[in-house]
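**Q** CSV, C-alpha atoms and all ligand atoms, saved as structure.csv, coming up:
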chain,number,residue,atom,x,y,z
A,2,MET,CA,-177.7,225.5,72.8
A,3,ALA,CA,-175.9,227.7,70.3
A,4,ASP,CA,-173.3,229.0,72.7
A,5,LEU,CA,-172.3,225.5,73.7
A,6,ASP,CA,-172.0,224.3,70.1
A,7,ASN,CA,-168.7,223.9,68.5
A,8,LEU,CA,-166.8,223.8,71.8
A,9,LYS,CA,-164.3,221.4,70.2
A,10,VAL,CA,-163.2,220.7,66.7
A,11,PRO,CA,-165.1,217.9,64.9
A,12,HIS,CA,-163.3,214.6,64.0
A,13,ASP,CA,-161.4,215.0,60.8
A,14,TYR,CA,-159.3,212.0,59.5
A,15,HIS,CA,-158.0,213.9,56.5
A,16,LEU,CA,-158.7,210.8,54.3
A,17,ASP,CA,-157.4,212.7,51.3
A,18,LYS,CA,-154.0,213.1,52.8
A,19,PRO,CA,-151.4,210.3,52.9
A,20,PHE,CA,-149.4,209.7,56.1
A,21,ALA,CA,-147.0,212.6,56.4
A,22,ASN,CA,-144.0,211.0,58.2
A,23,ASN,CA,-143.3,208.4,55.5
A,24,ARG,CA,-140.1,209.4,53.9
A,25,PRO,CA,-137.7,207.9,52.9
A,26,PHE,CA,-138.7,204.5,54.4
A,27,TYR,CA,-142.0,203.2,52.9
A,28,VAL,CA,-143.5,201.4,55.9
A,29,LYS,CA,-145.9,203.6,57.8
A,30,GLY,CA,-144.6,204.9,61.2
A,31,ALA,CA,-141.2,203.2,60.8
A,32,ASN,CA,-139.2,206.2,59.5
A,33,ALA,CA,-137.3,206.7,62.8
A,34,LEU,CA,-136.6,203.1,63.5
A,35,ASP,CA,-133.1,201.6,63.2
A,36,TRP,CA,-131.8,199.6,60.3
A,37,GLY,CA,-132.6,196.2,61.7
A,38,MET,CA,-136.2,197.0,62.4
A,39,LYS,CA,-136.6,198.4,58.9
A,40,LYS,CA,-135.0,195.3,57.4
A,41,HIS,CA,-137.5,193.1,59.2
A,42,LEU,CA,-140.4,195.3,58.0
A,43,ALA,CA,-139.0,195.3,54.5
A,44,ASN,CA,-139.0,191.4,54.7
A,45,ILE,CA,-142.7,191.7,55.6
A,46,PHE,CA,-144.0,194.5,53.3
A,47,ASN,CA,-143.3,194.3,49.6
A,48,PRO,CA,-141.3,197.4,48.6
A,49,LYS,CA,-143.3,197.8,45.3
A,50,SER,CA,-146.8,197.3,46.6
A,51,GLY,CA,-146.1,198.3,50.2
A,52,ASN,CA,-148.4,195.4,51.1
A,53,THR,CA,-148.2,191.8,52.5
A,54,VAL,CA,-149.9,188.4,52.3
A,55,MET,CA,-149.5,186.8,55.7
A,56,PHE,CA,-150.6,183.1,55.7
A,57,ALA,CA,-151.8,182.4,59.2
A,58,PHE,CA,-151.4,178.9,60.5
A,59,ASP,CA,-150.9,179.6,64.2
A,60,HIS,CA,-154.4,178.3,65.0
A,61,GLY,CA,-152.9,175.1,66.5
A,62,TYR,CA,-151.6,177.0,69.5
A,63,PHE,CA,-155.1,177.0,71.0
A,64,MET,CA,-157.2,174.9,68.5
A,65,GLY,CA,-155.0,171.9,67.9
A,66,ALA,CA,-155.4,170.2,64.5
A,67,VAL,CA,-158.0,172.5,63.0
A,68,SER,CA,-159.6,171.4,59.7
A,69,GLY,CA,-157.4,172.2,56.8
A,70,LEU,CA,-154.2,172.1,59.0
A,71,GLU,CA,-154.3,168.5,60.0
A,72,ARG,CA,-151.0,168.0,58.2
A,73,LEU,CA,-148.9,171.2,58.2
A,74,ASP,CA,-146.1,169.2,56.5
A,75,LEU,CA,-148.3,168.6,53.5
A,76,VAL,CA,-150.1,171.9,53.3
A,77,LEU,CA,-147.2,174.3,53.5
A,78,PRO,CA,-145.0,173.3,50.6
A,79,LYS,CA,-147.9,173.8,48.1
A,80,LEU,CA,-148.7,177.3,49.4
A,81,MET,CA,-145.2,178.4,50.1
A,82,PRO,CA,-144.5,180.1,46.7
A,83,HIS,CA,-147.4,182.4,47.2
A,84,ILE,CA,-146.8,183.4,50.9
A,85,ASP,CA,-145.0,186.6,51.9
A,86,VAL,CA,-145.1,186.0,55.7
A,87,LEU,CA,-145.5,182.8,57.7
A,88,MET,CA,-147.7,183.6,60.7
A,89,CYS,CA,-147.1,180.6,63.0
A,90,THR,CA,-145.8,179.2,66.2
A,91,ARG,CA,-142.2,178.2,66.9
A,92,GLY,CA,-143.3,174.6,67.1
A,93,ALA,CA,-144.7,174.7,63.6
A,94,LEU,CA,-141.6,176.5,62.3
A,95,ARG,CA,-139.2,173.9,63.7
A,96,THR,CA,-141.2,170.8,62.8
A,97,CYS,CA,-142.7,171.7,59.4
A,98,VAL,CA,-141.1,174.7,57.8
A,99,ASP,CA,-138.0,174.4,55.5
A,100,PRO,CA,-135.5,177.0,56.8
A,101,ALA,CA,-134.5,177.5,53.2
A,102,CYS,CA,-138.0,178.8,52.4
A,103,ARG,CA,-136.8,182.4,52.4
A,104,LYS,CA,-140.1,183.8,53.8
A,105,ALA,CA,-140.6,186.3,56.6
A,106,VAL,CA,-141.8,185.0,59.9
A,107,ALA,CA,-144.5,186.5,62.1
A,108,LEU,CA,-143.8,184.5,65.2
A,109,ARG,CA,-146.8,183.8,67.5
A,110,ALA,CA,-145.3,184.9,70.9
A,111,THR,CA,-148.2,184.5,73.3
A,112,SER,CA,-149.9,181.4,74.5
A,113,GLY,CA,-152.0,180.0,77.4
A,114,SER,CA,-155.4,179.7,75.7
A,115,SER,CA,-157.2,176.6,74.5
A,116,MET,CA,-160.5,175.8,72.9
A,117,VAL,CA,-161.1,173.4,75.8
A,118,GLN,CA,-161.3,176.2,78.3
A,119,ASP,CA,-163.4,178.9,76.8
A,120,ASP,CA,-161.5,181.9,78.1
A,121,LEU,CA,-159.0,182.9,75.4
A,122,SER,CA,-158.1,186.2,77.1
A,123,HIS,CA,-155.4,185.3,79.6
A,124,GLU,CA,-152.2,184.5,77.9
A,125,ILE,CA,-148.5,184.8,78.7
A,126,LEU,CA,-145.6,186.1,76.6
A,127,ALA,CA,-144.1,182.8,76.0
A,128,VAL,CA,-141.3,183.5,73.5
A,129,ASP,CA,-138.2,185.3,74.9
A,130,ALA,CA,-135.6,187.4,73.2
A,131,GLU,CA,-133.1,184.7,72.6
A,132,GLU,CA,-135.7,182.5,71.0
A,133,ALA,CA,-137.0,185.3,68.8
A,134,VAL,CA,-133.4,186.0,67.6
A,135,ARG,CA,-132.7,182.2,67.2
A,136,LEU,CA,-135.6,181.9,64.9
A,137,ASN,CA,-134.8,185.1,63.1
A,138,ALA,CA,-138.4,186.3,63.6
A,139,ASP,CA,-139.4,189.3,61.5
A,140,CYS,CA,-142.0,190.2,64.1
A,141,LEU,CA,-143.5,188.9,67.3
A,142,ALA,CA,-147.3,188.4,67.3
A,143,VAL,CA,-148.9,189.3,70.6
A,144,GLN,CA,-152.6,188.8,71.3
A,145,THR,CA,-154.4,191.7,73.1
A,146,PHE,CA,-157.9,191.8,74.5
A,147,ILE,CA,-159.0,195.5,74.7
A,148,GLY,CA,-162.1,195.9,76.8
A,149,ALA,CA,-162.1,192.3,78.0
A,150,ASP,CA,-161.1,190.7,81.3
A,151,GLY,CA,-157.6,190.0,80.1
A,152,GLN,CA,-156.9,193.6,79.0
A,153,LEU,CA,-154.2,194.4,81.6
A,154,SER,CA,-152.2,191.2,81.3
A,155,SER,CA,-152.4,191.2,77.5
A,156,LEU,CA,-151.2,194.8,77.3
A,157,GLN,CA,-148.4,193.9,79.8
A,158,ASN,CA,-147.4,191.1,77.3
A,159,LEU,CA,-147.5,193.7,74.5
A,160,GLU,CA,-145.3,196.1,76.3
A,161,GLN,CA,-142.8,193.4,77.3
A,162,ALA,CA,-142.6,192.4,73.7
A,163,VAL,CA,-142.1,196.0,72.5
A,164,ASN,CA,-139.3,196.5,75.1
A,165,LEU,CA,-137.7,193.2,73.8
A,166,GLY,CA,-138.3,194.2,70.2
A,167,GLN,CA,-136.7,197.6,70.6
A,168,ARG,CA,-133.7,196.0,72.3
A,169,TYR,CA,-133.2,193.4,69.6
A,170,SER,CA,-134.6,195.3,66.6
A,171,ILE,CA,-137.6,192.9,66.1
A,172,PRO,CA,-140.9,194.5,65.3
A,173,VAL,CA,-144.1,193.7,67.2
A,174,LEU,CA,-147.4,192.7,65.6
A,175,GLY,CA,-150.2,193.7,67.9
A,176,VAL,CA,-153.1,191.3,67.4
A,177,VAL,CA,-156.5,192.8,68.1
A,178,ALA,CA,-158.6,189.9,69.5
A,179,VAL,CA,-162.4,190.3,69.6
A,180,GLY,CA,-164.0,188.4,72.3
A,181,LYS,CA,-167.5,187.0,71.9
A,182,GLU,CA,-169.1,189.8,73.7
A,183,MET,CA,-167.2,192.5,71.8
A,184,GLU,CA,-168.6,194.3,68.8
A,185,ARG,CA,-166.7,194.5,65.6
A,186,THR,CA,-167.4,198.2,65.1
A,187,GLN,CA,-165.4,201.0,63.7
A,188,LYS,CA,-165.5,202.6,67.2
A,189,TYR,CA,-163.9,199.6,68.8
A,190,PHE,CA,-161.3,199.0,66.1
A,191,LYS,CA,-160.4,202.7,66.1
A,192,LEU,CA,-159.8,202.5,69.8
A,193,ALA,CA,-157.9,199.1,69.8
A,194,THR,CA,-155.7,199.7,66.8
A,195,ARG,CA,-154.7,203.2,67.9
A,196,MET,CA,-154.0,202.0,71.5
A,197,LEU,CA,-151.7,199.3,70.3
A,198,ALA,CA,-149.8,201.7,68.0
A,199,GLU,CA,-149.4,204.2,70.8
A,200,LEU,CA,-148.1,201.4,73.0
A,201,GLY,CA,-145.4,200.7,70.5
A,202,ALA,CA,-146.6,197.9,68.2
A,203,ASN,CA,-145.1,198.3,64.7
A,204,ILE,CA,-147.9,196.4,62.8
A,205,ILE,CA,-151.4,195.7,63.9
A,206,LYS,CA,-153.6,192.8,62.9
A,207,THR,CA,-157.3,193.7,63.1
A,208,TYR,CA,-160.6,193.0,61.4
A,209,TYR,CA,-162.4,194.8,58.6
A,210,CYS,CA,-165.4,197.0,59.4
A,211,GLU,CA,-167.6,199.6,57.9
A,212,GLY,CA,-165.6,202.9,57.9
A,213,PHE,CA,-162.3,201.1,57.9
A,214,ASP,CA,-160.6,204.0,56.1
A,215,GLU,CA,-160.9,206.1,59.2
A,216,VAL,CA,-159.5,203.3,61.3
A,217,ALA,CA,-156.5,203.0,59.0
A,218,ALA,CA,-156.0,206.8,58.8
A,219,ALA,CA,-156.0,207.2,62.6
A,220,CYS,CA,-153.4,204.4,63.1
A,221,PRO,CA,-149.8,205.5,62.6
A,222,VAL,CA,-148.6,202.0,61.7
A,223,PRO,CA,-149.7,199.6,59.0
A,224,LEU,CA,-152.9,197.4,59.5
A,225,VAL,CA,-153.3,193.9,58.2
A,226,VAL,CA,-156.7,192.3,58.2
A,227,ALA,CA,-157.5,188.9,59.5
A,228,GLY,CA,-159.6,186.7,57.3
A,229,GLY,CA,-161.8,185.3,60.1
A,230,ARG,CA,-164.1,182.3,59.8
A,231,LYS,CA,-164.4,180.6,56.5
A,232,LEU,CA,-166.5,182.4,53.9
A,233,PRO,CA,-167.4,181.6,50.3
A,234,GLU,CA,-164.3,182.4,48.2
A,235,GLN,CA,-166.1,185.3,46.4
A,236,GLU,CA,-166.9,186.9,49.8
A,237,ALA,CA,-163.4,186.4,51.2
A,238,LEU,CA,-161.9,188.0,48.1
A,239,LYS,CA,-164.3,191.0,48.6
A,240,LEU,CA,-163.2,191.2,52.2
A,241,CYS,CA,-159.6,191.3,51.0
A,242,TYR,CA,-160.4,193.9,48.4
A,243,ASP,CA,-162.4,196.1,50.7
A,244,SER,CA,-159.6,195.9,53.3
A,245,ILE,CA,-156.9,196.9,50.8
A,246,SER,CA,-158.9,199.6,49.1
A,247,HIS,CA,-159.8,201.2,52.5
A,248,GLY,CA,-156.2,201.4,53.8
A,249,ALA,CA,-155.0,198.0,55.0
A,250,ARG,CA,-151.5,197.2,54.0
A,251,GLY,CA,-152.2,193.5,53.7
A,252,VAL,CA,-154.1,190.5,54.9
A,253,ASP,CA,-153.3,187.9,57.5
A,254,MET,CA,-155.5,185.0,56.2
A,255,GLY,CA,-155.7,181.5,57.5
A,256,ARG,CA,-159.1,179.7,57.3
A,257,ASN,CA,-160.1,181.4,54.1
A,258,ILE,CA,-157.1,179.8,52.5
A,259,PHE,CA,-156.4,176.5,54.2
A,260,GLN,CA,-160.1,175.6,54.5
A,261,SER,CA,-160.7,176.3,50.9
A,262,TYR,CA,-161.1,173.3,48.6
A,263,HIS,CA,-158.7,175.1,46.3
A,264,ALA,CA,-156.2,176.7,48.7
A,265,VAL,CA,-153.5,177.4,46.2
A,266,SER,CA,-155.9,179.1,43.7
A,267,MET,CA,-157.3,181.1,46.6
A,268,ILE,CA,-154.0,182.4,47.9
A,269,LYS,CA,-153.0,183.3,44.3
A,270,ALA,CA,-156.2,185.2,43.9
A,271,VAL,CA,-155.6,187.0,47.2
A,272,ARG,CA,-152.1,188.0,45.9
A,273,LYS,CA,-153.7,189.4,42.8
A,274,ILE,CA,-155.6,191.9,45.0
A,275,VAL,CA,-152.9,192.6,47.6
A,276,HIS,CA,-150.0,193.0,45.1
A,277,GLY,CA,-151.6,193.1,41.7
A,278,GLY,CA,-154.2,195.8,42.0
A,279,LEU,CA,-157.1,193.6,40.9
A,280,ASN,CA,-160.6,194.2,42.4
A,281,ASP,CA,-162.6,191.4,44.0
A,282,GLN,CA,-164.5,190.5,40.9
A,283,GLU,CA,-161.4,190.3,38.7
A,284,ALA,CA,-159.7,188.2,41.4
A,285,TYR,CA,-162.7,185.9,41.7
A,286,GLU,CA,-162.6,185.4,37.9
A,287,TYR,CA,-158.9,184.7,38.2
A,288,TYR,CA,-159.6,182.2,41.0
A,289,LYS,CA,-162.2,180.3,39.0
A,290,ALA,CA,-159.8,180.1,36.0
A,291,GLU,CA,-157.1,178.8,38.3
A,292,VAL,CA,-159.5,176.2,39.7
A,293,ALA,CA,-160.5,175.1,36.2
A,294,LYS,CA,-156.8,174.6,35.4
A,295,GLU,CA,-156.5,172.4,38.6
A,296,GLY,CA,-159.2,170.3,36.9
A,297,GLY,CA,-161.3,170.6,40.0
A,298,GLU,CA,-159.0,168.3,42.0
A,299,GLY,CA,-159.3,168.1,45.8
A,300,ALA,CA,-158.4,170.5,48.6
A,301,GLY,CA,-155.4,172.6,48.3
A,302,SER,CA,-154.3,171.1,45.0
A,401,LIG,C1,-155.6,182.6,65.1
A,401,LIG,C2,-155.1,183.9,64.7
A,401,LIG,C3,-154.9,184.0,63.2
A,401,LIG,O1,-153.5,184.4,62.9
A,401,LIG,C4,-155.8,185.1,62.6
A,401,LIG,O2,-157.1,185.0,63.2
A,401,LIG,C5,-155.9,184.9,61.1
A,401,LIG,O3,-156.4,183.7,60.8
A,401,LIG,P1,-157.9,183.6,60.2
A,401,LIG,O4,-157.9,184.3,58.9
A,401,LIG,O5,-158.2,182.1,60.1
A,401,LIG,O6,-158.8,184.3,61.2
A,401,LIG,O7,-154.8,184.8,65.4
A,401,LIG,O8,-155.1,182.4,66.4
Could you rewrite the structure in this file as structure tokens?
**A**
Amino acid sequence: MADLDNLKVPHDYHLDKPFANNRPFYVKGANALDWGMKKHLANIFNPKSGNTVMFAFDHGYFMGAVSGLERLDLVLPKLMPHIDVLMCTRGALRTCVDPACRKAVALRATSGSSMVQDDLSHEILAVDAEEAVRLNADCLAVQTFIGADGQLSSLQNLEQAVNLGQRYSIPVLGVVAVGKEMERTQKYFKLATRMLAELGANIIKTYYCEGFDEVAAACPVPLVVAGGRKLPEQEALKLCYDSISHGARGVDMGRNIFQSYHAVSMIKAVRKIVHGGLNDQEAYEYYKAEVAKEGGEGAGS
């Protein structure tokens, strides 16, 4: 009915306008944070590109020795030069990461799930403040389950981590988990990412979706995109390019790197997109050239 039309303004994400409160500090939504928080965020996001390549190898905290990560001690040294941020558990850090690696750390702070028991949505905040400071974590990664049975307890974990993070100047990475029954839609990711930002997360890890530019525009902190299950390298590089070109400030890739037969060439190609401005096709050509240089040797060579 005409008189009921236009009762409220339509959605407008102003996609043509950059985030306004972004001076002088370059990380989205961090302008009012203190020096320590900004230092950790600067360790994570490259000041030139504003982006980051997080290598995720925290899968063991609920999957055990997932394929490609059977030997962290052998996989990490080869990839290390090409990683900006280590996304991992404290156990992996202490046992397999050289403290001289000079890389940022996204410390997996929640646990309680396992592949044995199918429910991944009831975790605890396992890392306390002293441990985060001891490990010099650049951010705490907290799994959240919006719209799932574990929603309340996971948001409680997030808020405890945000309180701790503000007290000790350690940013929080809110992880948007998508349960089996959830749909990876723009509507869901707009809700989940905005909620976590409003609840105090400083960075959010989510998944790519159609209309991602609106998801990114509506979220006042930077988004990094998880790689998800292993794809053919060309498709994974397209996922990376689509994410960056639609507003993500980086990727948090695990399986699409460590389960590649050419993990080093793959992470180098990801960097070419995230930091070097290449598109997915250019990056795939680069990947193939790097593989040819490897001489087609085995995994991760
Ligand atoms: C697994 C995680 C990973 O950090 C995240 O999913 C990125 O890894 P992948 O690219 O393999 O999905 O949260 O617990």
**Q** Looking at only C-alpha atoms, which of A:Lys39, A:Lys289, A:Arg91, A:Arg185 is the one that sits closest to Ser170 of chain A?
**A**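 Closest residue, counting only C-alpha atoms: A:Lys39.
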**Q** Nearest residue to ligand LIG 401 (chain A) out of A:Met196, A:Leu141, A:Met254, A:Ile125, using all atoms listed in the file?
**A**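 Closest residue, counting all atoms listed in the file: A:Met254.
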**Q** I need the residue nearest Ile258 of chain A from this list: A:Ala270, A:Ala110, A:Leu34, A:Leu16. Use all atoms listed in the file for the distance.
**A**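 Closest residue, counting all atoms listed in the file: A:Ala270.
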**Q** Can you tell me which residues come within 6 Å of ligand LIG 401 (chain A) when counting only C-alpha atoms and all ligand atoms, ideally as a PyMOL selection string?
**A** chain A and resi 57+59-60+227-230+253-256
**Q** Report, in Å with one decimal, the straight-line distance from atom CA of Gly278 of chain A to atom CA of Lys191 of chain A.
**A**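 Distance between the two atoms: 25.8 Å.
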**Q** Pick the closest to Ile171 of chain A from A:Gly151, A:Pro78, A:Gly201, A:Pro25: which is it, counting only C-alpha atoms?
**A**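 For Ile171 of chain A, the nearest of the candidates is A:Gly201.
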**Q** Counting all atoms listed in the file, find residues at most 8 Å from (-151.1, 192.0, 77.7) (file frame) and give them as a list of chain:residue names.
**A**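 Taken together, the residues in range are A:Glu124, A:Ile125, A:Val143, A:Gln144, A:Thr145, A:Phe146, A:Gly151, A:Gln152, A:Leu153, A:Ser154, A:Ser155, A:Leu156, A:Gln157, A:Asn158, A:Leu159, A:Glu160.
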**Q** Using only C-alpha atoms, which of the listed residues (A:His41, A:Arg103, A:Lys273, A:His83) sits closest to Cys241 of chain A?
**A**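 Selected residue with least distance to Cys241 of chain A: A:Lys273.
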**Q** Between A:Val177, A:Met116, A:Leu8, A:Val28, which residue has the minimum interatomic distance to Met64 of chain A, considering only C-alpha atoms?
**A**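 Closest residue, counting only C-alpha atoms: A:Met116.
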**Q** Quick one: everything within 9 Å of Met38 of chain A, counting all atoms listed in the file, minus sequence neighbours fewer than 2 positions away in the same chain. Send it as a list in words.
**A**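 Non-adjacent residues within range: Ala31, Leu34, Asp35, Trp36, Lys40, His41, Leu42, Ala43, Asp139, Gly166, Gln167, Tyr169, Ser170, Ile171 and Pro172 of chain A.
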**Q** Please provide as a ChimeraX atom specification all residues within 9 Å of Ala264 of chain A, with the sequence filter that same-chain residues fewer than 2 positions apart are discarded (counting only C-alpha atoms).
**A** /A:79-80,257-262,266-269,300-302
**Q** Contacts of Ala217 of chain A at 9 Å or less, counting only C-alpha atoms, minus same-chain residues fewer than 2 places along, as a ChimeraX atom specification?
**A** /A:191,194,213-215,219-224,247-249
